[in-house]
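In what follows, a structure is listed as structure tokens, so that the remarks can point back to it.
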Amino acid sequence: MNKPMDATIQVEAPVSRRLSIGQKLLFGSGQVVEASITFVAATFLLYYLTNVCGLDPAVAGMVLFVSLVVDAIADPLIGSASDRLKSRWGRRLPFMIAALPILTVAGCALFMIPTGYGSKVTLACALAANIVLRLGTSCYALPYSSLTAELTSDYNERSSIAAYRALFNFVGAVACVMPAFQLIFNAPGQMSSAPAYAKLGLLLAGVVLVAGLICVAGIWKIAAPRTMHEVEIAAQHKSVASDVRDLLRNRSFVLLFVIVLVFLIASGSLQALNLYVYKYYWHLAPDQTQSSVLALQIGGLIGIPIAALMLKKMEKRTVMIIGILIVILAQGLPWPLREAGLLVGVPHITVVCSMSAGFGLSSAMLFICAQSMLADAIDEHEHLFGTRCEGLYYSSVVFASKAAVGIGSLLAGVMLAAVGLKGAENAITSPQLSESSAQILAMLWGPGHALLFLIVIPLLMGYRIDRKEHNRIIAALAARHSN
């Protein structure tokens with residue numbers, strides 16, 4: 001274990017205070033930025049690149065994957081720069097403010113890609129816009145997430161702040177889904193219309209800019225630099241490479257990161273395929289697709305109190321396993337039941353909405369458990385190595401959420417190419433799938449993804465921090481701090 005050094009420096013100290021409901025709402029509104037970008041990209045981007053821009057599905061998936069690789073390199077650097085910045089406005093706000101105009105422009109540009117100058121130009125524009133959007137999201141989301149720990153040091157108050165952020169995850173998705181399906185994609189053919197997606201880009205940019213400005217204006221005073229205190233120089237002056245090395249030596253963190261990454265990659269692939277399967281297999285109309293998306297969000301809202309009640313009696317790992325089993329059943333059963341003729345007379349929209357609600361329910365359970373388990377892993381990291389690396393931990397979660405779109409879309413693109421879907425030849429005629437190809441796609445979307453989610457369960461069985469172990473870690477840290 002690393003030994004603390006005697007030299008000290010001055011850094012900012014978190015303040016132990018309680019925030020008003022209004023302050024929590026203003027801070028929580030910032031979660032809309034990441035939530036809306038993630039939702040729009042996961043739901044519409046792959047479909048837009050193939051059915052409107054005319055890119056081959058595998059190529060479109062590769063665009064999203066390459067941008068993810070760039071993002072993976074940038075995230076820890078952005079998080080580290082945010083930790084070390086010194087300014088009159090604190091460490092986090094300058095990054096958030098600088099990111100908003102970048103996100104506004106990139107959000108518009110991503111859905112206004114020129115298609116009349118050849119496939120290479122289209123490909124280059126799609127890649128550039130997606131990379132800029134991802135980097136801008138990191139510049140906003142990483143400092144914003146770090147403020148959760150800086151606004152207060154009170155354990156319960158931090159949980160309350162996190163709950164408000166979870167609420168605004170729902171707000172961010174609904175703020176995009178309702179106008180998208182009711183006003184933009186509300187007529188036949190609009191799902192493959194370039195002008196419709198230009199409107200979607202403007203909608204996304206507007207939601208991001210308004211929510212971001214509300215958050216920054218609302219927390220300007222409480223996020224300013226505060227009282228300084230002395231800390232061990234070893235905790236501050238370790239290099240990024242050293243911090244990452246220690247991070248990878250924490251078995252609990254590595255397991256938790258892989259668990260979250262696998263789940264979100266499978267989720268990202270699932271979301272990227274939704275519009276295709278809804279159209280070609282379940283034959284849903286655009287308004288029915290909206291109902292499915294709303295069912296997903298409603299399921300998520302219901303999952304929040306259910307998870308809270310279960311966590312009072314069960315270990316976090318157990319609740320997460322139950323959540324995984326729910327999504328496996330919700331995703332894996334409908335396809336074989338329909339193919340066996342057991343869903344005759346059941347409206348397709350009922351089946352799809354039930355699947356979406358189940359997925360939303362389990363996703364909320366996993367989100368809450370993972371966030372809490374991550375905090376436990378940070379305590380264990382301090383116990384093992386004598387330092388706290390909240391910035392790197394937050395960057396890992398933000399990276400995993402964006403990997404859901406990047407790697408997941410790449411996986412979805414490969415599946416679409418495998419069943420024979422080609423890019424649209426023009427903005428009017430959308431690609432078609434044969435009935436047999438649609439059945440194969442639905443099998444990959446349903447039982448295929450259920451198997452992907454199943455991978456998470458044996459990984460969870462290796463996670464060892466339970467109540468007893470965490471109490472031991474906290475007691476050991478308290479004894480160390482008292483010396």
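By order of appearance in the structure tokens: chains A, B, ..., then residues from 1 within every chain, and ligands from 1 in the order shown.
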Closest contacts (segment 383-475 of chain A/segment 271-290 of chain A, max 12 Å, only C-alpha atoms) as CSV:
```
residue,atom,partner,partner_atom,distance
A:Ala404,CA,A:Gln271,CA,9.1
A:Val405,CA,A:Ala272,CA,7.8
A:Gly406,CA,A:Ala272,CA,10.0
A:Ile407,CA,A:Ala272,CA,10.6
A:Gly408,CA,A:Ala272,CA,7.4
A:Ser409,CA,A:Ala272,CA,5.9
A:Leu410,CA,A:Ala272,CA,9.3
A:Leu411,CA,A:Ala272,CA,9.2
A:Ala412,CA,A:Leu273,CA,6.2
A:Gly413,CA,A:Ala272,CA,8.5
A:Val414,CA,A:Leu273,CA,10.9
A:Met415,CA,A:Leu273,CA,8.9
A:Leu416,CA,A:Leu273,CA,8.2
A:Ala417,CA,A:Leu273,CA,11.9
A:Val419,CA,A:Tyr276,CA,11.6
A:Leu421,CA,A:Tyr276,CA,9.9
A:Ser430,CA,A:Tyr276,CA,11.2
A:Pro431,CA,A:Tyr276,CA,10.2
A:Gln432,CA,A:Tyr280,CA,7.9
A:Leu433,CA,A:Tyr280,CA,6.8
A:Ser434,CA,A:Tyr280,CA,8.4
A:Glu435,CA,A:Tyr281,CA,7.7
A:Ser436,CA,A:Tyr281,CA,9.6
A:Ser437,CA,A:Tyr280,CA,9.1
A:Ala438,CA,A:Tyr281,CA,5.4
A:Gln439,CA,A:Tyr281,CA,6.5
A:Ile440,CA,A:Tyr281,CA,9.5
A:Leu441,CA,A:Val277,CA,7.0
A:Ala442,CA,A:Val277,CA,6.0
A:Met443,CA,A:Val277,CA,9.7
A:Leu444,CA,A:Leu273,CA,9.5
A:Trp445,CA,A:Leu273,CA,6.9
A:Gly446,CA,A:Val277,CA,9.7
A:His449,CA,A:Leu273,CA,10.7
```
File dump, residues just selected, N, CA and C atoms, as an mmCIF file, in the first residue's frame:
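And here's part-v5.cif as it stands now:
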```
data_model
loop_
_atom_site.group_PDB
_atom_site.id
_atom_site.type_symbol
_atom_site.label_atom_id
_atom_site.label_comp_id
_atom_site.auth_asym_id
_atom_site.auth_seq_id
_atom_site.Cartn_x
_atom_site.Cartn_y
_atom_site.Cartn_z
ATOM 1 N N ALA A 404 -21.896 2.433 -24.657
ATOM 2 C CA ALA A 404 -23.186 1.840 -24.997
ATOM 3 C C ALA A 404 -23.617 2.243 -26.398
ATOM 4 N N VAL A 405 -23.279 3.467 -26.797
ATOM 5 C CA VAL A 405 -23.617 3.932 -28.143
ATOM 6 C C VAL A 405 -22.557 3.498 -29.147
ATOM 7 N N GLY A 406 -21.278 3.605 -28.771
ATOM 8 C CA GLY A 406 -20.192 3.323 -29.695
ATOM 9 C C GLY A 406 -20.048 1.857 -30.037
ATOM 10 N N ILE A 407 -19.626 1.044 -29.072
ATOM 11 C CA ILE A 407 -19.449 -0.385 -29.316
ATOM 12 C C ILE A 407 -20.794 -1.047 -29.595
ATOM 13 N N GLY A 408 -21.834 -0.609 -28.881
ATOM 14 C CA GLY A 408 -23.157 -1.188 -29.116
ATOM 15 C C GLY A 408 -23.646 -0.947 -30.533
ATOM 16 N N SER A 409 -23.423 0.247 -31.064
ATOM 17 C CA SER A 409 -23.834 0.543 -32.434
ATOM 18 C C SER A 409 -22.998 -0.224 -33.449
ATOM 19 N N LEU A 410 -21.712 -0.408 -33.136
ATOM 20 C CA LEU A 410 -20.874 -1.233 -34.010
ATOM 21 C C LEU A 410 -21.410 -2.652 -34.067
ATOM 22 N N LEU A 411 -21.752 -3.192 -32.907
ATOM 23 C CA LEU A 411 -22.314 -4.543 -32.855
ATOM 24 C C LEU A 411 -23.632 -4.616 -33.618
ATOM 25 N N ALA A 412 -24.479 -3.600 -33.441
ATOM 26 C CA ALA A 412 -25.751 -3.562 -34.152
ATOM 27 C C ALA A 412 -25.531 -3.450 -35.655
ATOM 28 N N GLY A 413 -24.554 -2.640 -36.065
ATOM 29 C CA GLY A 413 -24.260 -2.508 -37.488
ATOM 30 C C GLY A 413 -23.826 -3.822 -38.112
ATOM 31 N N VAL A 414 -23.020 -4.582 -37.383
ATOM 32 C CA VAL A 414 -22.600 -5.897 -37.878
ATOM 33 C C VAL A 414 -23.803 -6.825 -38.022
ATOM 34 N N MET A 415 -24.716 -6.795 -37.053
ATOM 35 C CA MET A 415 -25.915 -7.628 -37.123
ATOM 36 C C MET A 415 -26.783 -7.240 -38.315
ATOM 37 N N LEU A 416 -26.955 -5.942 -38.539
ATOM 38 C CA LEU A 416 -27.774 -5.483 -39.666
ATOM 39 C C LEU A 416 -27.149 -5.892 -40.993
ATOM 40 N N ALA A 417 -25.826 -5.769 -41.091
ATOM 41 C CA ALA A 417 -25.158 -6.186 -42.325
ATOM 42 C C ALA A 417 -25.294 -7.693 -42.524
ATOM 43 N N VAL A 419 -27.761 -9.640 -41.719
ATOM 44 C CA VAL A 419 -29.090 -10.042 -42.191
ATOM 45 C C VAL A 419 -29.429 -9.443 -43.551
ATOM 46 N N LEU A 421 -29.249 -5.987 -44.607
ATOM 47 C CA LEU A 421 -29.715 -4.618 -44.760
ATOM 48 C C LEU A 421 -28.615 -3.772 -45.387
ATOM 49 N N SER A 430 -36.356 3.996 -48.346
ATOM 50 C CA SER A 430 -35.649 3.369 -47.239
ATOM 51 C C SER A 430 -35.388 1.906 -47.560
ATOM 52 N N PRO A 431 -34.335 1.307 -46.995
ATOM 53 C CA PRO A 431 -34.032 -0.090 -47.270
ATOM 54 C C PRO A 431 -35.123 -1.013 -46.746
ATOM 55 N N GLN A 432 -35.213 -2.206 -47.343
ATOM 56 C CA GLN A 432 -36.228 -3.177 -46.970
ATOM 57 C C GLN A 432 -35.562 -4.481 -46.549
ATOM 58 N N LEU A 433 -36.270 -5.243 -45.739
ATOM 59 C CA LEU A 433 -35.812 -6.558 -45.317
ATOM 60 C C LEU A 433 -36.876 -7.589 -45.657
ATOM 61 N N SER A 434 -36.429 -8.773 -46.075
ATOM 62 C CA SER A 434 -37.369 -9.859 -46.300
ATOM 63 C C SER A 434 -37.908 -10.340 -44.964
ATOM 64 N N GLU A 435 -39.005 -11.074 -45.017
ATOM 65 C CA GLU A 435 -39.619 -11.584 -43.795
ATOM 66 C C GLU A 435 -38.667 -12.503 -43.038
ATOM 67 N N SER A 436 -37.939 -13.354 -43.774
ATOM 68 C CA SER A 436 -37.007 -14.269 -43.105
ATOM 69 C C SER A 436 -35.853 -13.504 -42.462
ATOM 70 N N SER A 437 -35.356 -12.470 -43.142
ATOM 71 C CA SER A 437 -34.275 -11.670 -42.565
ATOM 72 C C SER A 437 -34.758 -10.917 -41.339
ATOM 73 N N ALA A 438 -36.003 -10.423 -41.379
ATOM 74 C CA ALA A 438 -36.568 -9.725 -40.230
ATOM 75 C C ALA A 438 -36.692 -10.653 -39.027
ATOM 76 N N GLN A 439 -37.009 -11.936 -39.274
ATOM 77 C CA GLN A 439 -37.114 -12.900 -38.181
ATOM 78 C C GLN A 439 -35.744 -13.158 -37.548
ATOM 79 N N ILE A 440 -34.713 -13.254 -38.395
ATOM 80 C CA ILE A 440 -33.357 -13.461 -37.871
ATOM 81 C C ILE A 440 -32.923 -12.252 -37.054
ATOM 82 N N LEU A 441 -33.225 -11.056 -37.585
ATOM 83 C CA LEU A 441 -32.871 -9.837 -36.863
ATOM 84 C C LEU A 441 -33.562 -9.785 -35.508
ATOM 85 N N ALA A 442 -34.843 -10.151 -35.482
ATOM 86 C CA ALA A 442 -35.591 -10.148 -34.227
ATOM 87 C C ALA A 442 -35.047 -11.183 -33.247
ATOM 88 N N MET A 443 -34.560 -12.302 -33.753
ATOM 89 C CA MET A 443 -33.964 -13.318 -32.880
ATOM 90 C C MET A 443 -32.675 -12.782 -32.250
ATOM 91 N N LEU A 444 -31.854 -12.095 -33.056
ATOM 92 C CA LEU A 444 -30.631 -11.497 -32.522
ATOM 93 C C LEU A 444 -30.948 -10.402 -31.520
ATOM 94 N N TRP A 445 -31.991 -9.640 -31.805
ATOM 95 C CA TRP A 445 -32.414 -8.533 -30.940
ATOM 96 C C TRP A 445 -32.981 -9.039 -29.622
ATOM 97 N N GLY A 446 -33.736 -10.133 -29.664
ATOM 98 C CA GLY A 446 -34.387 -10.662 -28.466
ATOM 99 C C GLY A 446 -33.529 -11.664 -27.711
ATOM 100 N N HIS A 449 -29.643 -10.876 -27.449
ATOM 101 C CA HIS A 449 -29.224 -9.906 -26.438
ATOM 102 C C HIS A 449 -29.472 -10.424 -25.021
#
```
All residues 10 Å or closer to Leu264 of chain A, only C-alpha atoms, same chain fewer than 4 positions away omitted, as a PDB file with N, CA and C atoms, in the first residue's frame:
```pdb
ATOM      1  N   VAL A 258     -16.311  -3.765 -15.754  1.00  0.00           N
ATOM      2  CA  VAL A 258     -16.637  -4.734 -16.812  1.00  0.00           C
ATOM      3  C   VAL A 258     -18.127  -5.059 -16.794  1.00  0.00           C
ATOM      4  N   ILE A 259     -18.696  -5.190 -15.602  1.00  0.00           N
ATOM      5  CA  ILE A 259     -20.134  -5.467 -15.478  1.00  0.00           C
ATOM      6  C   ILE A 259     -20.952  -4.351 -16.120  1.00  0.00           C
ATOM      7  N   VAL A 260     -20.643  -3.110 -15.745  1.00  0.00           N
ATOM      8  CA  VAL A 260     -21.362  -1.962 -16.297  1.00  0.00           C
ATOM      9  C   VAL A 260     -21.141  -1.864 -17.796  1.00  0.00           C
ATOM     10  N   GLY A 268     -26.834  -0.630 -25.524  1.00  0.00           N
ATOM     11  CA  GLY A 268     -26.644   0.253 -26.671  1.00  0.00           C
ATOM     12  C   GLY A 268     -26.946  -0.433 -27.979  1.00  0.00           C
ATOM     13  N   SER A 269     -26.507  -1.678 -28.123  1.00  0.00           N
ATOM     14  CA  SER A 269     -26.822  -2.448 -29.325  1.00  0.00           C
ATOM     15  C   SER A 269     -28.320  -2.663 -29.453  1.00  0.00           C
ATOM     16  N   LEU A 270     -28.952  -2.975 -28.340  1.00  0.00           N
ATOM     17  CA  LEU A 270     -30.401  -3.185 -28.316  1.00  0.00           C
ATOM     18  C   LEU A 270     -31.146  -1.928 -28.757  1.00  0.00           C
ATOM     19  N   SER A 363     -33.104  -1.525 -15.733  1.00  0.00           N
ATOM     20  CA  SER A 363     -32.037  -0.534 -15.922  1.00  0.00           C
ATOM     21  C   SER A 363     -31.944   0.410 -14.735  1.00  0.00           C
ATOM     22  N   ALA A 400     -18.241   4.374 -19.944  1.00  0.00           N
ATOM     23  CA  ALA A 400     -19.083   3.191 -20.131  1.00  0.00           C
ATOM     24  C   ALA A 400     -20.434   3.556 -20.737  1.00  0.00           C
ATOM     25  N   SER A 401     -21.010   4.685 -20.319  1.00  0.00           N
ATOM     26  CA  SER A 401     -22.307   5.085 -20.860  1.00  0.00           C
ATOM     27  C   SER A 401     -22.205   5.433 -22.348  1.00  0.00           C
ATOM     28  N   LYS A 402     -21.073   6.035 -22.748  1.00  0.00           N
ATOM     29  CA  LYS A 402     -20.906   6.363 -24.162  1.00  0.00           C
ATOM     30  C   LYS A 402     -20.499   5.147 -24.979  1.00  0.00           C
ATOM     31  N   ALA A 403     -19.857   4.170 -24.322  1.00  0.00           N
ATOM     32  CA  ALA A 403     -19.542   2.919 -25.001  1.00  0.00           C
ATOM     33  C   ALA A 403     -20.811   2.186 -25.404  1.00  0.00           C
ATOM     34  N   ALA A 404     -21.896   2.433 -24.657  1.00  0.00           N
ATOM     35  CA  ALA A 404     -23.186   1.840 -24.997  1.00  0.00           C
ATOM     36  C   ALA A 404     -23.617   2.243 -26.398  1.00  0.00           C
ATOM     37  N   VAL A 405     -23.279   3.467 -26.797  1.00  0.00           N
ATOM     38  CA  VAL A 405     -23.617   3.932 -28.143  1.00  0.00           C
ATOM     39  C   VAL A 405     -22.557   3.498 -29.147  1.00  0.00           C
ATOM     40  N   ILE A 407     -19.626   1.044 -29.072  1.00  0.00           N
ATOM     41  CA  ILE A 407     -19.449  -0.385 -29.316  1.00  0.00           C
ATOM     42  C   ILE A 407     -20.794  -1.047 -29.595  1.00  0.00           C
ATOM     43  N   GLY A 408     -21.834  -0.609 -28.881  1.00  0.00           N
ATOM     44  CA  GLY A 408     -23.157  -1.188 -29.116  1.00  0.00           C
ATOM     45  C   GLY A 408     -23.646  -0.947 -30.533  1.00  0.00           C
ATOM     46  N   PHE A 453     -26.737 -10.240 -21.937  1.00  0.00           N
ATOM     47  CA  PHE A 453     -26.982  -9.806 -20.561  1.00  0.00           C
ATOM     48  C   PHE A 453     -26.637 -10.903 -19.550  1.00  0.00           C
TER      49      PHE A 453
END
```
>> So, with only C-alpha atoms as the atoms that count, which of A:Ala81, A:Val171, A:Ala128, A:Leu261 lies closest to Ser36 of chain A?
In response: A:Val171
>> Using only C-alpha atoms, which protein or nucleic acid residues come within 7 Å of segment 249-254 of chain A? Drop anything in the same chain fewer than 6 positions from it, and give the result as a ChimeraX atom specification.
In response: /A:377,381,463
> Which residues come within 7 Å of segment 102-119 of chain A, counting only C-alpha atoms, excluding same-chain residues fewer than 2 positions away, as a list in words?
Replying inline: Cys53, Ala99, Leu100, Val121, Thr122, Leu123, Cys125, Ala126, Ala129, Asn130, Val132, Leu133, Gly136, Thr137, Tyr197, Ala198, Gly201, Leu202, Leu204, Ala205, Val208 and Leu209 of chain A
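What separates atom CA of Ile474 of chain A from atom CA of Glu315 of chain A is a distance of 17.1 Å.
Atom CA of Ser354 of chain A is positioned 15.3 Å from atom CA of Gly323 of chain A.
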> Tell me, which residues of segment 220-413 of chain A carry DSSP strand (DSSP E), written as a VMD selection string?
Replying inline: chain A and resid 228 to 232
>> Which residues are close to Ala307 of chain A, i.e. within 10 Å by only C-alpha atoms, leaving aside same-chain residues fewer than 4 positions away? Reply as a PyMOL selection string.
In response: chain A and resi 302-303+311-312+314+316+319-320+323+361-362+364-369
Limited to N, CA, C and O atoms, could you put the picked residues into a file as a short mmCIF file (atom, residue, chain, number, x, y, z; two decimals), in the first residue's frame?
```cif
data_model
loop_
_atom_site.label_atom_id
_atom_site.label_comp_id
_atom_site.auth_asym_id
_atom_site.auth_seq_id
_atom_site.Cartn_x
_atom_site.Cartn_y
_atom_site.Cartn_z
N ILE A 302 -40.60 3.54 -12.21
CA ILE A 302 -41.11 2.55 -11.26
C ILE A 302 -39.95 1.81 -10.60
O ILE A 302 -40.02 1.44 -9.41
N GLY A 303 -38.89 1.60 -11.34
CA GLY A 303 -37.76 0.84 -10.81
C GLY A 303 -37.02 1.54 -9.69
O GLY A 303 -36.39 0.88 -8.84
N LEU A 311 -33.03 -2.65 -1.55
CA LEU A 311 -31.69 -2.44 -1.01
C LEU A 311 -31.69 -2.31 0.51
O LEU A 311 -30.64 -2.45 1.14
N LYS A 312 -32.85 -2.05 1.11
CA LYS A 312 -32.93 -1.99 2.56
C LYS A 312 -32.80 -3.38 3.18
O LYS A 312 -32.42 -3.53 4.34
N MET A 314 -31.64 -6.33 1.10
CA MET A 314 -30.76 -7.22 0.34
C MET A 314 -29.42 -6.56 0.06
O MET A 314 -29.28 -5.34 0.13
N LYS A 316 -26.43 -5.30 -2.39
CA LYS A 316 -26.50 -4.62 -3.69
C LYS A 316 -26.29 -5.59 -4.84
O LYS A 316 -26.95 -5.50 -5.88
N VAL A 319 -29.55 -7.49 -5.57
CA VAL A 319 -30.54 -6.68 -6.28
C VAL A 319 -30.15 -6.53 -7.74
O VAL A 319 -31.00 -6.59 -8.63
N MET A 320 -28.86 -6.38 -8.01
CA MET A 320 -28.42 -6.25 -9.39
C MET A 320 -28.67 -7.54 -10.17
O MET A 320 -29.07 -7.52 -11.34
N GLY A 323 -32.24 -7.67 -11.12
CA GLY A 323 -32.47 -6.78 -12.25
C GLY A 323 -32.04 -7.39 -13.57
O GLY A 323 -32.74 -7.27 -14.59
N LEU A 361 -37.33 -0.93 -16.05
CA LEU A 361 -37.35 -1.30 -14.63
C LEU A 361 -35.99 -1.83 -14.19
O LEU A 361 -35.42 -1.39 -13.19
N SER A 362 -35.47 -2.78 -14.95
CA SER A 362 -34.19 -3.39 -14.58
C SER A 362 -33.04 -2.39 -14.72
O SER A 362 -32.10 -2.41 -13.93
N ALA A 364 -33.11 0.83 -14.20
CA ALA A 364 -33.10 1.70 -13.02
C ALA A 364 -32.49 0.99 -11.82
O ALA A 364 -31.70 1.57 -11.06
N MET A 365 -32.83 -0.27 -11.65
CA MET A 365 -32.27 -1.05 -10.55
C MET A 365 -30.75 -1.16 -10.67
O MET A 365 -30.01 -0.97 -9.70
N LEU A 366 -30.28 -1.43 -11.88
CA LEU A 366 -28.85 -1.57 -12.08
C LEU A 366 -28.12 -0.24 -11.94
O LEU A 366 -26.99 -0.19 -11.43
N PHE A 367 -28.74 0.84 -12.39
CA PHE A 367 -28.11 2.16 -12.27
C PHE A 367 -27.87 2.52 -10.82
O PHE A 367 -26.78 2.94 -10.43
N ILE A 368 -28.91 2.35 -9.99
CA ILE A 368 -28.80 2.71 -8.58
C ILE A 368 -27.77 1.83 -7.88
O ILE A 368 -26.93 2.32 -7.12
N CYS A 369 -27.82 0.53 -8.13
CA CYS A 369 -26.87 -0.38 -7.49
C CYS A 369 -25.44 -0.08 -7.93
O CYS A 369 -24.52 -0.05 -7.10
#
```
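Residue nearest Gly90 of chain A, chosen from A:Ala35, A:Ile219, A:Ala163, A:Val210 and counting only C-alpha atoms: A:Ile219.
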> How far is it from atom CA of Ala166 of chain A to atom CA of Leu26 of chain A, in Å with one decimal?
Replying inline: 13.3 Å
>> as a PyMOL selection string, please: every residue in segment 206-441 of chain A that a backbone DSSP assignment puts in alpha helix (DSSP H).
In response: chain A and resi 206-219+233-237+240-249+251-280+286-311+316-332+334-339+348-385+390-418+435-441
> Which residue gives the smallest distance to Ala42 of chain A among A:Lys120, A:Gly30, A:Ser267, A:Thr148, with only C-alpha atoms counted?
Replying inline: A:Ser267
> When distances are computed from only C-alpha atoms, which of A:Tyr48, A:Phe170, A:Phe257, A:Trp89 shows the smallest separation from Ala370 of chain A?
Replying inline: A:Phe257
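Taking only C-alpha atoms into account, Val52 of chain A lies nearest to A:Ser193 out of the set A:Ser239, A:Ser292, A:Ser396, A:Ser193.
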